[in-house]
Amino acid sequence: MTIVRVLVDAVGEYNAGDIVKDAPDGLIEIAKRQVRNAATGNLLAEIIEGDVNSTDTPSEREKKLQAELDESKKREAELLAQIAELKSDIQNGDLDDELKELKSVDKDLKITGYTKMSVEELKEAIAATGGDTGGE
């Protein structure tokens, strides 16, 4: 519980001399920041008793929002990983199709050992026999 003494008239609903027990956050903030009256330069309020840092602790709403933000970041990371995996699968699928096509051509050209060759090796073997590396 924070107790604040109001030092000038018309600070919110309070007047000079009021002692506010369990002061609202706005009044605590005024006292904590040592806000002054623009005309006279007098302090508006001062903390008499209580935790000066009470408004620095995150509220329940802030904690909830932070938890939601953390959850969103976690979901984003998972989705980015899934996208990367799908892109990899698509690329590998394209390479598999190319490899199958080249092996088919090598089989037709009767190149020995074509089943264990990589894509580049298959292309070189086809080129060496005078064939088209495009598989046509």
# chains A, B, ... in the order shown; residues from 1 in each chain; ligands from 1
call {"tool": "select_by_dssp", "arguments": {"residues": "chain A", "states": "strand (DSSP E)", "output": "number ranges by chain"}}
result
A: 3-6, 19-20, 45-49
call {"tool": "write_last_selection", "arguments": {"atoms": "N, CA, C and O atoms", "output": "PDB file, in the first residue's frame"}}
result
ATOM      1  N   ILE A   3       1.116   5.386   0.378  1.00  0.00           N
ATOM      2  CA  ILE A   3       0.428   6.562   0.909  1.00  0.00           C
ATOM      3  C   ILE A   3       1.096   7.800   0.320  1.00  0.00           C
ATOM      4  O   ILE A   3       2.317   7.950   0.371  1.00  0.00           O
ATOM      5  N   VAL A   4       0.266   8.691  -0.257  1.00  0.00           N
ATOM      6  CA  VAL A   4       0.769   9.895  -0.917  1.00  0.00           C
ATOM      7  C   VAL A   4       0.127  11.114  -0.273  1.00  0.00           C
ATOM      8  O   VAL A   4      -1.068  11.124   0.014  1.00  0.00           O
ATOM      9  N   ARG A   5       0.942  12.165  -0.057  1.00  0.00           N
ATOM     10  CA  ARG A   5       0.425  13.442   0.453  1.00  0.00           C
ATOM     11  C   ARG A   5       0.353  14.408  -0.722  1.00  0.00           C
ATOM     12  O   ARG A   5       1.325  14.620  -1.432  1.00  0.00           O
ATOM     13  N   VAL A   6      -0.833  14.983  -0.935  1.00  0.00           N
ATOM     14  CA  VAL A   6      -1.040  15.966  -1.995  1.00  0.00           C
ATOM     15  C   VAL A   6      -0.621  17.324  -1.442  1.00  0.00           C
ATOM     16  O   VAL A   6      -1.033  17.723  -0.351  1.00  0.00           O
ATOM     17  N   ILE A  19      -4.180  13.276   2.410  1.00  0.00           N
ATOM     18  CA  ILE A  19      -3.301  12.115   2.500  1.00  0.00           C
ATOM     19  C   ILE A  19      -4.092  10.939   1.939  1.00  0.00           C
ATOM     20  O   ILE A  19      -5.137  10.577   2.465  1.00  0.00           O
ATOM     21  N   VAL A  20      -3.567  10.389   0.849  1.00  0.00           N
ATOM     22  CA  VAL A  20      -4.292   9.351   0.115  1.00  0.00           C
ATOM     23  C   VAL A  20      -3.654   8.007   0.408  1.00  0.00           C
ATOM     24  O   VAL A  20      -2.521   7.744   0.013  1.00  0.00           O
ATOM     25  N   ALA A  45       2.798  16.390  -5.346  1.00  0.00           N
ATOM     26  CA  ALA A  45       2.550  15.346  -4.357  1.00  0.00           C
ATOM     27  C   ALA A  45       3.862  14.687  -3.977  1.00  0.00           C
ATOM     28  O   ALA A  45       4.857  14.795  -4.685  1.00  0.00           O
ATOM     29  N   GLU A  46       3.849  14.035  -2.801  1.00  0.00           N
ATOM     30  CA  GLU A  46       5.026  13.294  -2.366  1.00  0.00           C
ATOM     31  C   GLU A  46       4.597  11.985  -1.735  1.00  0.00           C
ATOM     32  O   GLU A  46       3.524  11.885  -1.154  1.00  0.00           O
ATOM     33  N   ILE A  47       5.453  10.991  -1.873  1.00  0.00           N
ATOM     34  CA  ILE A  47       5.167   9.692  -1.284  1.00  0.00           C
ATOM     35  C   ILE A  47       5.572   9.731   0.183  1.00  0.00           C
ATOM     36  O   ILE A  47       6.697  10.106   0.514  1.00  0.00           O
ATOM     37  N   ILE A  48       4.637   9.347   1.045  1.00  0.00           N
ATOM     38  CA  ILE A  48       4.911   9.319   2.483  1.00  0.00           C
ATOM     39  C   ILE A  48       5.394   7.941   2.886  1.00  0.00           C
ATOM     40  O   ILE A  48       6.372   7.792   3.613  1.00  0.00           O
ATOM     41  N   GLU A  49       4.703   6.921   2.406  1.00  0.00           N
ATOM     42  CA  GLU A  49       5.017   5.559   2.798  1.00  0.00           C
ATOM     43  C   GLU A  49       4.636   4.622   1.668  1.00  0.00           C
ATOM     44  O   GLU A  49       3.648   4.826   0.980  1.00  0.00           O
TER      45      GLU A  49
END
call {"tool": "atom_distance", "arguments": {"atom1": "CA of Leu99 in chain A", "atom2": "CA of Gly130 in chain A"}}
result
18.6 Å
call {"tool": "atom_distance", "arguments": {"atom1": "CA of Asp96 in chain A", "atom2": "CA of Ala77 in chain A"}}
result
28.4 Å
call {"tool": "closest_residue", "arguments": {"among": "A:Ala10, A:Leu69, A:Leu44, A:Ala125", "to": "Lys32 in chain A", "atoms": "only C-alpha atoms"}}
result
A:Leu44
call {"tool": "closest_residue", "arguments": {"among": "A:Thr40, A:Asn15, A:Met1, A:Glu85", "to": "Ile28 in chain A", "atoms": "only C-alpha atoms"}}
result
A:Met1
call {"tool": "residues_around", "arguments": {"residues": "Val8 in chain A", "least_positions_apart": "6", "cutoff": "10 Å", "atoms": "only C-alpha atoms", "output": "list in words"}}
result
Tyr14, Asn15, Ala16, Gly17, Asp18, Arg36, Asn37, Asn42, Leu43, Leu44 and Ala45 of chain A
call {"tool": "atom_distance", "arguments": {"atom1": "CA of Val119 in chain A", "atom2": "CA of Lys103 in chain A"}}
result
8.7 Å
call {"tool": "decode", "arguments": {"residues": "range 2-84 of chain A", "atoms": "C-alpha atoms", "output": "CSV table (one decimal), in the first residue's frame"}}
result
chain,number,residue,atom,x,y,z
A,2,THR,CA,1.4,3.4,-1.0
A,3,ILE,CA,0.4,6.6,0.9
A,4,VAL,CA,0.8,9.9,-0.9
A,5,ARG,CA,0.4,13.4,0.5
A,6,VAL,CA,-1.0,16.0,-2.0
A,7,LEU,CA,0.8,19.3,-1.7
A,8,VAL,CA,-1.3,21.6,-3.9
A,9,ASP,CA,-5.0,22.0,-4.8
A,10,ALA,CA,-6.7,20.3,-7.7
A,11,VAL,CA,-4.4,17.3,-8.3
A,12,GLY,CA,-7.0,15.0,-9.8
A,13,GLU,CA,-9.8,14.9,-7.3
A,14,TYR,CA,-7.5,15.7,-4.4
A,15,ASN,CA,-6.6,19.0,-2.7
A,16,ALA,CA,-3.6,20.3,-0.7
A,17,GLY,CA,-3.1,18.5,2.5
A,18,ASP,CA,-5.0,15.3,1.5
A,19,ILE,CA,-3.3,12.1,2.5
A,20,VAL,CA,-4.3,9.4,0.1
A,21,LYS,CA,-4.0,5.8,1.4
A,22,ASP,CA,-3.7,3.1,-1.3
A,23,ALA,CA,-3.1,5.8,-3.9
A,24,PRO,CA,-4.0,5.2,-7.5
A,25,ASP,CA,-1.2,4.6,-10.0
A,26,GLY,CA,-1.5,8.0,-11.6
A,27,LEU,CA,-1.0,9.8,-8.3
A,28,ILE,CA,1.9,7.6,-7.4
A,29,GLU,CA,3.5,8.4,-10.7
A,30,ILE,CA,3.1,12.1,-10.2
A,31,ALA,CA,4.8,11.8,-6.8
A,32,LYS,CA,7.5,9.5,-8.0
A,33,ARG,CA,8.4,11.8,-11.0
A,34,GLN,CA,8.3,14.8,-8.8
A,35,VAL,CA,5.9,16.7,-11.1
A,36,ARG,CA,5.7,20.4,-10.3
A,37,ASN,CA,3.0,23.1,-10.8
A,38,ALA,CA,3.8,25.0,-13.9
A,39,ALA,CA,2.9,28.4,-12.4
A,40,THR,CA,4.5,28.1,-9.0
A,41,GLY,CA,7.0,25.4,-9.3
A,42,ASN,CA,5.7,23.6,-6.2
A,43,LEU,CA,5.7,19.8,-6.1
A,44,LEU,CA,2.2,18.4,-6.6
A,45,ALA,CA,2.5,15.3,-4.4
A,46,GLU,CA,5.0,13.3,-2.4
A,47,ILE,CA,5.2,9.7,-1.3
A,48,ILE,CA,4.9,9.3,2.5
A,49,GLU,CA,5.0,5.6,2.8
A,50,GLY,CA,5.1,2.6,0.5
A,51,ASP,CA,7.0,1.1,-2.4
A,52,VAL,CA,8.2,3.9,-4.7
A,53,ASN,CA,8.8,1.4,-7.5
A,54,SER,CA,5.3,-0.1,-7.3
A,55,THR,CA,4.4,1.2,-10.7
A,56,ASP,CA,7.6,-0.3,-12.3
A,57,THR,CA,6.4,-3.9,-11.9
A,58,PRO,CA,4.5,-5.2,-14.9
A,59,SER,CA,0.7,-5.4,-14.6
A,60,GLU,CA,-1.3,-8.5,-15.1
A,61,ARG,CA,-2.3,-7.3,-18.6
A,62,GLU,CA,1.4,-6.6,-19.5
A,63,LYS,CA,2.3,-10.1,-18.3
A,64,LYS,CA,-0.5,-11.6,-20.4
A,65,LEU,CA,0.5,-9.6,-23.5
A,66,GLN,CA,4.2,-10.6,-23.0
A,67,ALA,CA,3.1,-14.3,-22.8
A,68,GLU,CA,1.1,-13.9,-26.0
A,69,LEU,CA,4.0,-12.2,-27.8
A,70,ASP,CA,6.3,-15.0,-26.7
A,71,GLU,CA,3.8,-17.6,-28.0
A,72,SER,CA,3.5,-15.8,-31.3
A,73,LYS,CA,7.3,-15.7,-31.7
A,74,LYS,CA,7.5,-19.4,-31.0
A,75,ARG,CA,4.7,-20.1,-33.6
A,76,GLU,CA,6.6,-17.9,-36.1
A,77,ALA,CA,9.8,-19.8,-35.6
A,78,GLU,CA,8.0,-23.1,-36.1
A,79,LEU,CA,6.3,-21.9,-39.3
A,80,LEU,CA,9.6,-20.6,-40.7
A,81,ALA,CA,11.1,-24.0,-40.0
A,82,GLN,CA,8.2,-25.7,-41.8
A,83,ILE,CA,8.6,-23.4,-44.8
A,84,ALA,CA,12.3,-24.1,-45.0
